[in-house]
$ cat model-v6.pdb   # PDB, C-alpha atoms and all ligand atoms
ATOM      1  CA  MET A   1    -117.425 -25.870  91.692
ATOM      2  CA  THR A   2    -116.224 -26.737  95.190
ATOM      3  CA  ASP A   3    -116.899 -24.521  98.223
ATOM      4  CA  VAL A   4    -113.484 -25.208  99.800
ATOM      5  CA  PRO A   5    -111.736 -21.821 100.155
ATOM      6  CA  VAL A   6    -108.415 -21.503  98.357
ATOM      7  CA  ARG A   7    -105.589 -20.518 100.718
ATOM      8  CA  PHE A   8    -103.009 -18.383  98.903
ATOM      9  CA  LEU A   9     -99.572 -18.259 100.500
ATOM     10  CA  PRO A  10     -98.154 -14.747 100.930
ATOM     11  CA  THR A  11     -95.095 -14.223  98.769
ATOM     12  CA  ASP A  12     -94.149 -10.710  99.969
ATOM     13  CA  ARG A  13     -92.428 -11.951 103.156
ATOM     14  CA  PRO A  14     -90.659 -15.084 104.446
ATOM     15  CA  PRO A  15     -92.942 -17.918 105.621
ATOM     16  CA  THR A  16     -93.825 -17.872 109.326
ATOM     17  CA  GLU A  17     -93.792 -21.680 109.536
ATOM     18  CA  PRO A  18     -91.422 -24.122 107.803
ATOM     19  CA  SER A  19     -92.562 -26.018 104.722
ATOM     20  CA  ARG A  20     -93.725 -29.589 105.176
ATOM     21  CA  LEU A  21     -90.627 -31.755 105.100
ATOM     22  CA  VAL A  22     -90.497 -34.948 103.077
ATOM     23  CA  ASP A  23     -89.210 -36.529 106.291
ATOM     24  CA  ASP A  24     -92.702 -36.077 107.750
ATOM     25  CA  PHE A  25     -93.927 -38.802 105.394
ATOM     26  CA  THR A  26     -91.255 -41.314 106.337
ATOM     27  CA  PRO A  27     -92.827 -44.475 107.801
ATOM     28  CA  ASP A  28     -91.992 -45.173 111.463
ATOM     29  CA  LEU A  29     -89.824 -48.146 110.611
ATOM     30  CA  ILE A  30     -87.404 -46.129 108.480
ATOM     31  CA  ASP A  31     -85.044 -44.344 110.882
ATOM     32  CA  VAL A  32     -83.576 -41.758 108.539
ATOM     33  CA  GLY A  33     -85.547 -40.067 105.762
ATOM     34  CA  ALA A  34     -82.628 -39.799 103.372
ATOM     35  CA  HIS A  35     -81.458 -42.519 100.982
ATOM     36  CA  HIS A  36     -79.092 -42.459  98.055
ATOM     37  CA  LEU A  37     -81.179 -44.304  95.464
ATOM     38  CA  CYS A  38     -81.696 -42.558  92.100
ATOM     39  CA  PRO A  39     -84.568 -40.089  91.526
ATOM     40  CA  GLY A  40     -87.516 -42.003  90.062
ATOM     41  CA  CYS A  41     -86.358 -45.379  91.408
ATOM     42  CA  GLY A  42     -89.254 -47.680  92.316
ATOM     43  CA  GLU A  43     -87.436 -49.556  95.076
ATOM     44  CA  PRO A  44     -87.992 -46.992  97.872
ATOM     45  CA  ILE A  45     -91.750 -47.109  97.157
ATOM     46  CA  ALA A  46     -91.709 -50.897  97.378
ATOM     47  CA  MET A  47     -89.661 -50.839 100.599
ATOM     48  CA  ARG A  48     -91.989 -48.265 102.081
ATOM     49  CA  SER A  49     -95.025 -50.410 101.228
ATOM     50  CA  ILE A  50     -93.446 -53.474 102.839
ATOM     51  CA  VAL A  51     -92.499 -51.766 106.118
ATOM     52  CA  GLU A  52     -95.818 -49.940 106.328
ATOM     53  CA  ALA A  53     -97.639 -53.271 105.963
ATOM     54  CA  VAL A  54     -95.476 -54.881 108.672
ATOM     55  CA  ALA A  55     -96.300 -51.998 111.017
ATOM     56  CA  GLU A  56    -100.020 -51.948 110.123
ATOM     57  CA  ALA A  57    -100.247 -55.699 110.768
ATOM     58  CA  GLY A  58     -98.708 -55.203 114.224
ATOM     59  CA  LEU A  59     -95.790 -57.492 113.417
ATOM     60  CA  VAL A  60     -92.844 -55.166 114.124
ATOM     61  CA  GLN A  61     -91.561 -56.932 117.223
ATOM     62  CA  GLN A  62     -91.617 -60.420 115.636
ATOM     63  CA  THR A  63     -90.235 -59.527 112.213
ATOM     64  CA  VAL A  64     -86.834 -60.500 110.870
ATOM     65  CA  GLY A  65     -85.882 -59.365 107.357
ATOM     66  CA  VAL A  66     -83.325 -61.121 105.188
ATOM     67  CA  PHE A  67     -81.947 -58.975 102.361
ATOM     68  CA  GLY A  68     -80.101 -59.932  99.212
ATOM     69  CA  ILE A  69     -77.587 -57.662  97.482
ATOM     70  CA  GLY A  70     -78.790 -54.822  95.275
ATOM     71  CA  CYS A  71     -79.676 -51.140  95.391
ATOM     72  CA  TYR A  72     -82.491 -51.761  97.925
ATOM     73  CA  THR A  73     -79.922 -53.195 100.382
ATOM     74  CA  ALA A  74     -79.155 -49.582 101.347
ATOM     75  CA  PHE A  75     -82.336 -49.730 103.441
ATOM     76  CA  SER A  76     -80.844 -52.438 105.674
ATOM     77  CA  ASN A  77     -78.888 -49.621 107.373
ATOM     78  CA  ASN A  78     -81.847 -47.467 108.332
ATOM     79  CA  LEU A  79     -84.678 -49.933 108.841
ATOM     80  CA  ASP A  80     -85.935 -50.365 112.396
ATOM     81  CA  VAL A  81     -86.476 -54.141 112.208
ATOM     82  CA  GLU A  82     -83.927 -56.925 112.567
ATOM     83  CA  VAL A  83     -82.189 -57.406 109.203
ATOM     84  CA  LEU A  84     -79.739 -60.099 108.109
ATOM     85  CA  GLN A  85     -77.942 -60.016 104.795
ATOM     86  CA  ALA A  86     -77.535 -63.095 102.631
ATOM     87  CA  LEU A  87     -75.168 -63.836  99.765
ATOM     88  CA  HIS A  88     -76.713 -63.496  96.295
ATOM     89  CA  GLY A  89     -79.846 -65.618  96.014
ATOM     90  CA  ARG A  90     -79.484 -67.259  99.426
ATOM     91  CA  ALA A  91     -82.036 -65.128 101.301
ATOM     92  CA  PRO A  92     -84.861 -67.734 101.134
ATOM     93  CA  SER A  93     -82.561 -70.407 102.606
ATOM     94  CA  LEU A  94     -81.350 -68.139 105.391
ATOM     95  CA  ALA A  95     -84.978 -67.191 106.041
ATOM     96  CA  THR A  96     -85.819 -70.906 106.269
ATOM     97  CA  GLY A  97     -83.170 -71.323 108.964
ATOM     98  CA  VAL A  98     -84.466 -68.376 110.984
ATOM     99  CA  LYS A  99     -88.076 -69.562 110.741
ATOM    100  CA  ARG A 100     -87.266 -73.147 111.718
ATOM    101  CA  ALA A 101     -85.107 -72.038 114.636
ATOM    102  CA  LYS A 102     -87.669 -69.477 115.837
ATOM    103  CA  PRO A 103     -91.123 -70.436 114.509
ATOM    104  CA  GLU A 104     -92.773 -67.516 116.320
ATOM    105  CA  THR A 105     -90.816 -65.089 114.109
ATOM    106  CA  ILE A 106     -92.309 -63.485 111.005
ATOM    107  CA  VAL A 107     -89.587 -63.837 108.389
ATOM    108  CA  LEU A 108     -89.534 -61.888 105.148
ATOM    109  CA  THR A 109     -86.947 -61.645 102.416
ATOM    110  CA  VAL A 110     -86.219 -58.835  99.949
ATOM    111  CA  GLN A 111     -84.292 -59.633  96.762
ATOM    112  CA  GLY A 112     -83.752 -58.180  93.316
ATOM    113  CA  ASP A 113     -84.255 -60.038  90.042
ATOM    114  CA  GLY A 114     -80.521 -60.480  89.442
ATOM    115  CA  ASP A 115     -80.042 -61.754  92.976
ATOM    116  CA  MET A 116     -83.043 -64.106  92.975
ATOM    117  CA  VAL A 117     -83.627 -65.208  89.386
ATOM    118  CA  ASN A 118     -80.060 -65.200  88.056
ATOM    119  CA  GLU A 119     -77.630 -65.784  90.852
ATOM    120  CA  GLY A 120     -79.620 -68.000  93.212
ATOM    121  CA  LEU A 121     -82.706 -69.271  91.390
ATOM    122  CA  GLN A 122     -82.711 -72.700  93.007
ATOM    123  CA  GLU A 123     -83.008 -71.227  96.516
ATOM    124  CA  VAL A 124     -86.426 -69.638  96.065
ATOM    125  CA  LEU A 125     -87.740 -72.598  94.045
ATOM    126  CA  HIS A 126     -86.819 -75.121  96.735
ATOM    127  CA  THR A 127     -88.062 -72.875  99.532
ATOM    128  CA  ALA A 128     -91.438 -72.612  97.790
ATOM    129  CA  ALA A 129     -91.540 -76.331  96.983
ATOM    130  CA  ARG A 130     -90.897 -77.195 100.648
ATOM    131  CA  GLY A 131     -93.767 -74.909 101.603
ATOM    132  CA  GLU A 132     -91.634 -72.975 104.081
ATOM    133  CA  SER A 133     -93.657 -70.522 106.119
ATOM    134  CA  VAL A 134     -91.742 -67.429 104.995
ATOM    135  CA  THR A 135     -92.699 -64.439 102.834
ATOM    136  CA  CYS A 136     -90.436 -63.552  99.910
ATOM    137  CA  PHE A 137     -90.511 -60.242  98.052
ATOM    138  CA  LEU A 138     -88.927 -59.748  94.643
ATOM    139  CA  LEU A 139     -88.173 -56.209  93.451
ATOM    140  CA  ASN A 140     -88.117 -56.831  89.708
ATOM    141  CA  ASN A 141     -86.701 -54.092  87.459
ATOM    142  CA  GLY A 142     -85.315 -56.414  84.806
ATOM    143  CA  VAL A 143     -81.712 -55.300  85.336
ATOM    144  CA  PHE A 144     -78.758 -55.725  87.649
ATOM    145  CA  GLY A 145     -79.378 -52.149  88.841
ATOM    146  CA  GLU A 146     -76.623 -51.667  91.371
ATOM    147  CA  THR A 147     -73.835 -52.843  89.105
ATOM    148  CA  GLY A 148     -74.804 -50.720  86.111
ATOM    149  CA  GLY A 149     -77.995 -51.958  84.447
ATOM    150  CA  HIS A 150     -77.076 -55.273  82.843
ATOM    151  CA  ILE A 151     -79.535 -57.824  81.450
ATOM    152  CA  THR A 152     -81.063 -60.306  83.918
ATOM    153  CA  ALA A 153     -83.159 -63.443  83.565
ATOM    154  CA  THR A 154     -86.341 -61.343  83.842
ATOM    155  CA  THR A 155     -85.431 -58.674  81.239
ATOM    156  CA  VAL A 156     -88.272 -58.657  78.691
ATOM    157  CA  LEU A 157     -87.807 -58.857  74.930
ATOM    158  CA  GLY A 158     -87.055 -55.401  73.573
ATOM    159  CA  GLN A 159     -86.024 -53.999  76.977
ATOM    160  CA  ARG A 160     -82.987 -51.716  76.949
ATOM    161  CA  THR A 161     -80.155 -52.664  79.312
ATOM    162  CA  LYS A 162     -76.449 -51.898  79.339
ATOM    163  CA  ASN A 163     -75.670 -54.898  77.157
ATOM    164  CA  THR A 164     -78.907 -54.840  75.119
ATOM    165  CA  LEU A 165     -79.032 -51.172  74.121
ATOM    166  CA  GLU A 166     -81.203 -52.015  71.116
ATOM    167  CA  GLY A 167     -83.454 -54.188  73.297
ATOM    168  CA  ARG A 168     -83.278 -57.846  74.376
ATOM    169  CA  ASP A 169     -83.096 -60.104  71.337
ATOM    170  CA  PRO A 170     -84.361 -63.686  71.878
ATOM    171  CA  HIS A 171     -81.966 -65.153  69.282
ATOM    172  CA  ARG A 172     -78.960 -63.772  71.116
ATOM    173  CA  ASP A 173     -80.192 -63.374  74.710
ATOM    174  CA  GLY A 174     -82.942 -65.980  75.140
ATOM    175  CA  TYR A 175     -86.330 -65.416  76.758
ATOM    176  CA  PRO A 176     -87.312 -64.001  80.161
ATOM    177  CA  ILE A 177     -88.179 -66.213  83.130
ATOM    178  CA  LEU A 178     -91.604 -65.400  84.592
ATOM    179  CA  ILE A 179     -90.734 -66.317  88.148
ATOM    180  CA  SER A 180     -94.144 -65.772  89.773
ATOM    181  CA  ASN A 181     -95.770 -68.036  87.175
ATOM    182  CA  LEU A 182     -93.192 -70.742  87.909
ATOM    183  CA  LEU A 183     -93.635 -70.485  91.676
ATOM    184  CA  ALA A 184     -97.430 -70.524  91.472
ATOM    185  CA  GLN A 185     -97.240 -74.035  89.990
ATOM    186  CA  LEU A 186     -95.520 -75.432  93.068
ATOM    187  CA  GLU A 187     -97.703 -77.225  95.611
ATOM    188  CA  GLY A 188     -95.920 -75.615  98.572
ATOM    189  CA  ALA A 189     -96.668 -72.079  97.385
ATOM    190  CA  ALA A 190     -99.809 -70.823  99.132
ATOM    191  CA  TYR A 191     -99.932 -67.238  97.898
ATOM    192  CA  VAL A 192     -98.290 -65.737  94.799
ATOM    193  CA  ALA A 193     -98.996 -62.270  93.401
ATOM    194  CA  ARG A 194     -97.406 -59.703  91.122
ATOM    195  CA  GLY A 195     -97.796 -55.967  91.661
ATOM    196  CA  ALA A 196     -96.061 -52.782  90.552
ATOM    197  CA  VAL A 197     -95.284 -49.328  91.930
ATOM    198  CA  ASN A 198     -95.526 -47.185  88.781
ATOM    199  CA  THR A 199     -98.951 -45.651  89.561
ATOM    200  CA  ALA A 200    -100.817 -44.753  92.744
ATOM    201  CA  GLY A 201    -103.406 -47.444  91.950
ATOM    202  CA  ASN A 202    -100.729 -50.088  91.527
ATOM    203  CA  VAL A 203     -99.058 -49.065  94.793
ATOM    204  CA  ALA A 204    -102.395 -49.515  96.609
ATOM    205  CA  ARG A 205    -103.017 -52.915  94.963
ATOM    206  CA  THR A 206     -99.485 -54.036  95.780
ATOM    207  CA  LYS A 207     -99.915 -53.023  99.401
ATOM    208  CA  ARG A 208    -102.967 -55.302  99.625
ATOM    209  CA  MET A 209    -100.894 -58.148  98.162
ATOM    210  CA  ILE A 210     -98.173 -57.561 100.767
ATOM    211  CA  HIS A 211    -100.752 -57.678 103.548
ATOM    212  CA  ARG A 212    -102.214 -60.908 102.184
ATOM    213  CA  ALA A 213     -98.758 -62.498 101.944
ATOM    214  CA  LEU A 214     -98.024 -61.621 105.575
ATOM    215  CA  GLU A 215    -101.460 -62.980 106.583
ATOM    216  CA  THR A 216    -100.538 -66.225 104.828
ATOM    217  CA  GLN A 217     -97.466 -66.598 107.019
ATOM    218  CA  VAL A 218     -99.312 -65.623 110.208
ATOM    219  CA  ALA A 219    -101.978 -68.267 109.389
ATOM    220  CA  GLY A 220     -99.219 -70.868 108.834
ATOM    221  CA  ARG A 221    -100.521 -71.701 105.349
ATOM    222  CA  GLY A 222     -97.122 -72.075 103.663
ATOM    223  CA  PHE A 223     -94.889 -70.105 101.334
ATOM    224  CA  SER A 224     -95.975 -66.627 100.233
ATOM    225  CA  PHE A 225     -94.511 -64.483  97.484
ATOM    226  CA  VAL A 226     -95.051 -60.997  96.079
ATOM    227  CA  GLU A 227     -93.192 -59.831  92.999
ATOM    228  CA  ILE A 228     -93.131 -56.029  92.691
ATOM    229  CA  LEU A 229     -92.239 -54.428  89.351
ATOM    230  CA  THR A 230     -90.083 -51.353  90.061
ATOM    231  CA  MET A 231     -88.804 -48.497  87.887
ATOM    232  CA  CYS A 232     -85.070 -48.269  87.175
ATOM    233  CA  PRO A 233     -84.682 -45.257  84.842
ATOM    234  CA  THR A 234     -80.904 -45.321  85.324
ATOM    235  CA  GLY A 235     -80.498 -48.949  84.303
ATOM    236  CA  TRP A 236     -83.048 -48.663  81.481
ATOM    237  CA  PHE A 237     -81.182 -45.657  80.041
ATOM    238  CA  ILE A 238     -84.331 -43.531  79.783
ATOM    239  CA  GLU A 239     -85.503 -40.211  81.202
ATOM    240  CA  THR A 240     -86.718 -40.447  84.806
ATOM    241  CA  GLN A 241     -90.229 -39.223  83.988
ATOM    242  CA  GLU A 242     -90.643 -41.859  81.249
ATOM    243  CA  ALA A 243     -90.030 -44.772  83.584
ATOM    244  CA  PRO A 244     -93.594 -45.386  84.892
ATOM    245  CA  ASP A 245     -95.009 -45.663  81.336
ATOM    246  CA  TYR A 246     -91.992 -47.656  80.181
ATOM    247  CA  LEU A 247     -92.700 -50.140  82.974
ATOM    248  CA  ASP A 248     -96.301 -50.546  81.726
ATOM    249  CA  ASP A 249     -95.329 -50.888  78.070
ATOM    250  CA  HIS A 250     -92.448 -53.299  78.599
ATOM    251  CA  LEU A 251     -92.126 -55.154  81.916
ATOM    252  CA  ALA A 252     -95.814 -55.286  82.886
ATOM    253  CA  ALA A 253     -96.847 -56.377  79.395
ATOM    254  CA  VAL A 254     -94.939 -59.647  79.950
ATOM    255  CA  HIS A 255     -94.819 -59.995  83.743
ATOM    256  CA  VAL A 256     -98.562 -59.466  83.971
ATOM    257  CA  GLY A 257     -99.886 -58.165  87.296
ATOM    258  CA  GLY A 258    -102.472 -59.842  89.513
ATOM    259  CA  VAL A 259    -102.960 -62.569  92.098
ATOM    260  CA  LEU A 260    -101.744 -65.848  90.621
ATOM    261  CA  LYS A 261    -102.589 -68.057  93.592
ATOM    262  CA  ASP A 262    -104.408 -67.647  96.900
ATOM    263  CA  TRP A 263    -105.067 -70.374  99.464
ATOM    264  CA  ALA A 264    -108.483 -69.006 100.533
TER
HETATM  265  C1  LIG A 301     -71.378 -63.273  94.104
HETATM  266  C2  LIG A 301     -71.524 -61.823  93.683
HETATM  267  N1  LIG A 301     -71.515 -61.523  92.368
HETATM  268  C3  LIG A 301     -71.691 -60.243  91.970
HETATM  269  C4  LIG A 301     -71.846 -59.245  92.903
HETATM  270  C5  LIG A 301     -72.019 -57.837  92.452
HETATM  271  N2  LIG A 301     -73.380 -57.345  92.584
HETATM  272  C6  LIG A 301     -73.742 -56.548  93.602
HETATM  273  S1  LIG A 301     -75.304 -55.949  93.463
HETATM  274  C7  LIG A 301     -75.502 -56.760  91.983
HETATM  275  C8  LIG A 301     -76.755 -56.563  91.177
HETATM  276  C9  LIG A 301     -78.002 -56.937  91.850
HETATM  277  O1  LIG A 301     -79.057 -56.813  90.925
HETATM  278  P1  LIG A 301     -80.512 -57.071  91.398
HETATM  279  O2  LIG A 301     -80.569 -58.268  92.276
HETATM  280  O3  LIG A 301     -81.407 -57.109  90.211
HETATM  281  O4  LIG A 301     -80.834 -55.816  92.321
HETATM  282  P2  LIG A 301     -81.042 -54.273  91.900
HETATM  283  O5  LIG A 301     -79.724 -53.603  92.127
HETATM  284  O6  LIG A 301     -81.505 -54.231  90.492
HETATM  285  O7  LIG A 301     -82.074 -53.804  92.855
HETATM  286  C10 LIG A 301     -74.365 -57.507  91.649
HETATM  287  C11 LIG A 301     -74.210 -58.315  90.433
HETATM  288  C12 LIG A 301     -71.816 -59.589  94.271
HETATM  289  N3  LIG A 301     -71.999 -58.677  95.210
HETATM  290  N4  LIG A 301     -71.644 -60.895  94.638
HETATM  291  S1  LIG A 302     -79.746 -47.984  89.536
HETATM  292 FE1  LIG A 302     -81.938 -48.410  89.242
HETATM  293  S2  LIG A 302     -82.538 -49.759  90.979
HETATM  294 FE2  LIG A 302     -80.559 -48.746  91.505
HETATM  295  S3  LIG A 302     -81.116 -46.899  92.672
HETATM  296 FE3  LIG A 302     -80.875 -46.302  90.511
HETATM  297  S4  LIG A 302     -82.950 -46.439  89.610
HETATM  298 FE4  LIG A 302     -82.960 -47.613  91.551
HETATM  299 MG    MG A 303     -82.753 -55.676  89.505
END

$ encode --input "model-v6.pdb" --output "structure tokens"
Amino acid sequence: MTDVPVRFLPTDRPPTEPSRLVDDFTPDLIDVGAHHLCPGCGEPIAMRSIVEAVAEAGLVQQTVGVFGIGCYTAFSNNLDVEVLQALHGRAPSLATGVKRAKPETIVLTVQGDGDMVNEGLQEVLHTAARGESVTCFLLNNGVFGETGGHITATTVLGQRTKNTLEGRDPHRDGYPILISNLLAQLEGAAYVARGAVNTAGNVARTKRMIHRALETQVAGRGFSFVEILTMCPTGWFIETQEAPDYLDDHLAAVHVGGVLKDWA
């Protein structure tokens, strides 16, 4: 038994003070609390973790973000850091240009799996191979979320998407690309990790990975990369509340979480 007294709210009259607003929890770097992403989407949690880490590391004034095109791009309108938008897949190359032109800048990219691993795969591979001092984040939900939930190069076998309603079939659809595992093999990649945002524990672990990736850039050690598995109940065609477990049973069983490479 705990000694903390329970405080019952009176229900016989209107409250004297307003309820705590969700807006109160909005990180400083997000200007407006509202966004239009689906209930249960993992991308706002990932975005929140990234901007919180930038602020906690004291990097706000130096940071430039380069966004790809996907549902998360909505945050480019209400994020209080400089943000450029790149054509599909090109964010790592644009980030390279910014970093080389202004080496004192901390440059991060945010892309989805369709954007990075389908539409512009060569960009991130070459950026990592060159050892560019930029930090790339992949929000991996295994679908082209914004355009309706189609299969991507990271969709795992058995995963439901708009064009694999019975699950991805390797004979028809091929096998998923494990992008973090590929990148970790490249000499120029200094830090590579894969997290997820489907549980509180995973959010905390992912936040540590984001911090470490930013530290890698600040220390000038080369390319850093954090893949973040995110829920997309809409594109997976499942109930919102099933998405965190579905992520564990499907995506995370193949795109296994953990630190794949660390320069220390
Ligand atoms: C060259 C080009 N092709 C297609 C599109 C349409 N498009 C916009 S967002 C998107 C899906 C992006 O999927 P992903 O990168 O996985 O991000 P998510 O929405 O899942 O976060 C596509 C195909 C486009 N904008 N430009
Ligand atoms: S479609 Fe998927 S990725 Fe896009 S906002 Fe909805 S849940 Fe999130
Ligand atoms: Mg996606």

$ resolve_selection --input "model-v6.pdb" --expression "the PyMOL selection byres (((not hetatm)) within 9 of (chain A and resi 302))" --output "JSON, numbers by chain"
{"A": [36, 37, 38, 39, 40, 41, 42, 43, 44, 70, 71, 72, 112, 139, 141, 143, 144, 145, 146, 147, 148, 149, 230, 231, 232, 233, 234, 235, 236, 240]}

$ atom_distance --input "model-v6.pdb" --atom1 "CA of Asp80 in chain A" --atom2 "CA of Leu29 in chain A"
4.8 Å

$ resolve_selection --input "model-v6.pdb" --expression "the PyMOL selection byres (((chain A and resi 251) around 10) and not hetatm)" --output "list in words"
Asn140, Asn141, Gly142, Thr154, Thr155, Val156, Leu157, Gly158, Gln159, Ala196, Leu229, Thr230, Met231, Asp245, Tyr246, Leu247, Asp248, Asp249, His250, Ala252, Ala253, Val254, His255, Val256 and Gly257 of chain A

$ resolve_selection --input "model-v6.pdb" --expression "the PyMOL selection byres (((chain A and resi 53) around 10) and not hetatm)" --output "PDB file with C-alpha atoms, in the coordinates of the input"
ATOM      1  CA  MET A  47     -89.661 -50.839 100.599  1.00  0.00           C
ATOM      2  CA  ARG A  48     -91.989 -48.265 102.081  1.00  0.00           C
ATOM      3  CA  SER A  49     -95.025 -50.410 101.228  1.00  0.00           C
ATOM      4  CA  ILE A  50     -93.446 -53.474 102.839  1.00  0.00           C
ATOM      5  CA  VAL A  51     -92.499 -51.766 106.118  1.00  0.00           C
ATOM      6  CA  GLU A  52     -95.818 -49.940 106.328  1.00  0.00           C
ATOM      7  CA  VAL A  54     -95.476 -54.881 108.672  1.00  0.00           C
ATOM      8  CA  ALA A  55     -96.300 -51.998 111.017  1.00  0.00           C
ATOM      9  CA  GLU A  56    -100.020 -51.948 110.123  1.00  0.00           C
ATOM     10  CA  ALA A  57    -100.247 -55.699 110.768  1.00  0.00           C
ATOM     11  CA  GLY A  58     -98.708 -55.203 114.224  1.00  0.00           C
ATOM     12  CA  LEU A  59     -95.790 -57.492 113.417  1.00  0.00           C
ATOM     13  CA  VAL A  60     -92.844 -55.166 114.124  1.00  0.00           C
ATOM     14  CA  LYS A 207     -99.915 -53.023  99.401  1.00  0.00           C
ATOM     15  CA  ARG A 208    -102.967 -55.302  99.625  1.00  0.00           C
ATOM     16  CA  MET A 209    -100.894 -58.148  98.162  1.00  0.00           C
ATOM     17  CA  ILE A 210     -98.173 -57.561 100.767  1.00  0.00           C
ATOM     18  CA  HIS A 211    -100.752 -57.678 103.548  1.00  0.00           C
ATOM     19  CA  ARG A 212    -102.214 -60.908 102.184  1.00  0.00           C
ATOM     20  CA  LEU A 214     -98.024 -61.621 105.575  1.00  0.00           C
TER      21      LEU A 214
END

$ closest_residue --input "model-v6.pdb" --among "A:Lys99, A:His126, A:Lys162, A:Arg168" --to "Leu186 in chain A" --atoms "all atoms listed in the file"
A:His126

$ decode --input "model-v6.pdb" --residues "range 32-87 of chain A" --atoms "C-alpha atoms" --output "short mmCIF file (atom, residue, chain, number, x, y, z; two decimals), in the first residue's frame"
data_model
loop_
_atom_site.label_atom_id
_atom_site.label_comp_id
_atom_site.auth_asym_id
_atom_site.auth_seq_id
_atom_site.Cartn_x
_atom_site.Cartn_y
_atom_site.Cartn_z
CA VAL A 32 1.45 24.24 -33.05
CA GLY A 33 0.19 21.28 -31.03
CA ALA A 34 -2.22 20.05 -33.68
CA HIS A 35 -1.33 17.77 -36.60
CA HIS A 36 -3.46 15.83 -39.02
CA LEU A 37 -1.74 12.44 -38.86
CA CYS A 38 -3.95 9.41 -38.09
CA PRO A 39 -4.72 8.33 -34.50
CA GLY A 40 -2.17 5.70 -33.47
CA CYS A 41 0.42 6.80 -36.05
CA GLY A 42 4.00 6.33 -34.84
CA GLU A 43 5.49 9.20 -36.84
CA PRO A 44 4.55 12.03 -34.43
CA ILE A 45 6.28 10.11 -31.60
CA ALA A 46 9.41 9.73 -33.72
CA MET A 47 9.35 13.41 -34.73
CA ARG A 48 8.87 14.44 -31.13
CA SER A 49 11.85 12.31 -30.05
CA ILE A 50 14.06 13.84 -32.74
CA VAL A 51 13.23 17.48 -31.93
CA GLU A 52 13.45 16.88 -28.19
CA ALA A 53 16.94 15.41 -28.66
CA VAL A 54 18.02 18.39 -30.80
CA ALA A 55 16.82 20.76 -28.08
CA GLU A 56 18.33 18.72 -25.22
CA ALA A 57 21.69 18.65 -27.03
CA GLY A 58 21.61 22.45 -27.34
CA LEU A 59 21.78 22.29 -31.13
CA VAL A 60 18.65 24.28 -32.07
CA GLN A 61 20.42 27.31 -33.51
CA GLN A 62 22.79 25.26 -35.72
CA THR A 63 20.31 22.66 -36.97
CA VAL A 64 19.00 22.37 -40.51
CA GLY A 65 16.52 19.59 -41.30
CA VAL A 66 16.01 18.12 -44.75
CA PHE A 67 12.70 16.28 -45.19
CA GLY A 68 11.59 13.80 -47.80
CA ILE A 69 7.96 13.37 -48.88
CA GLY A 70 5.56 11.37 -46.73
CA CYS A 71 3.05 11.78 -43.92
CA TYR A 72 5.73 13.12 -41.53
CA THR A 73 6.39 16.02 -43.95
CA ALA A 74 3.38 17.74 -42.35
CA PHE A 75 5.72 18.63 -39.48
CA SER A 76 7.88 20.77 -41.79
CA ASN A 77 5.16 23.44 -41.46
CA ASN A 78 5.17 23.71 -37.69
CA LEU A 79 8.73 22.86 -36.70
CA ASP A 80 10.81 25.69 -35.26
CA VAL A 81 14.08 24.74 -36.98
CA GLU A 82 15.20 25.47 -40.53
CA VAL A 83 13.68 22.83 -42.83
CA LEU A 84 14.32 22.18 -46.52
CA GLN A 85 12.33 19.69 -48.55
CA ALA A 86 13.95 17.32 -51.01
CA LEU A 87 12.50 15.31 -53.87
#
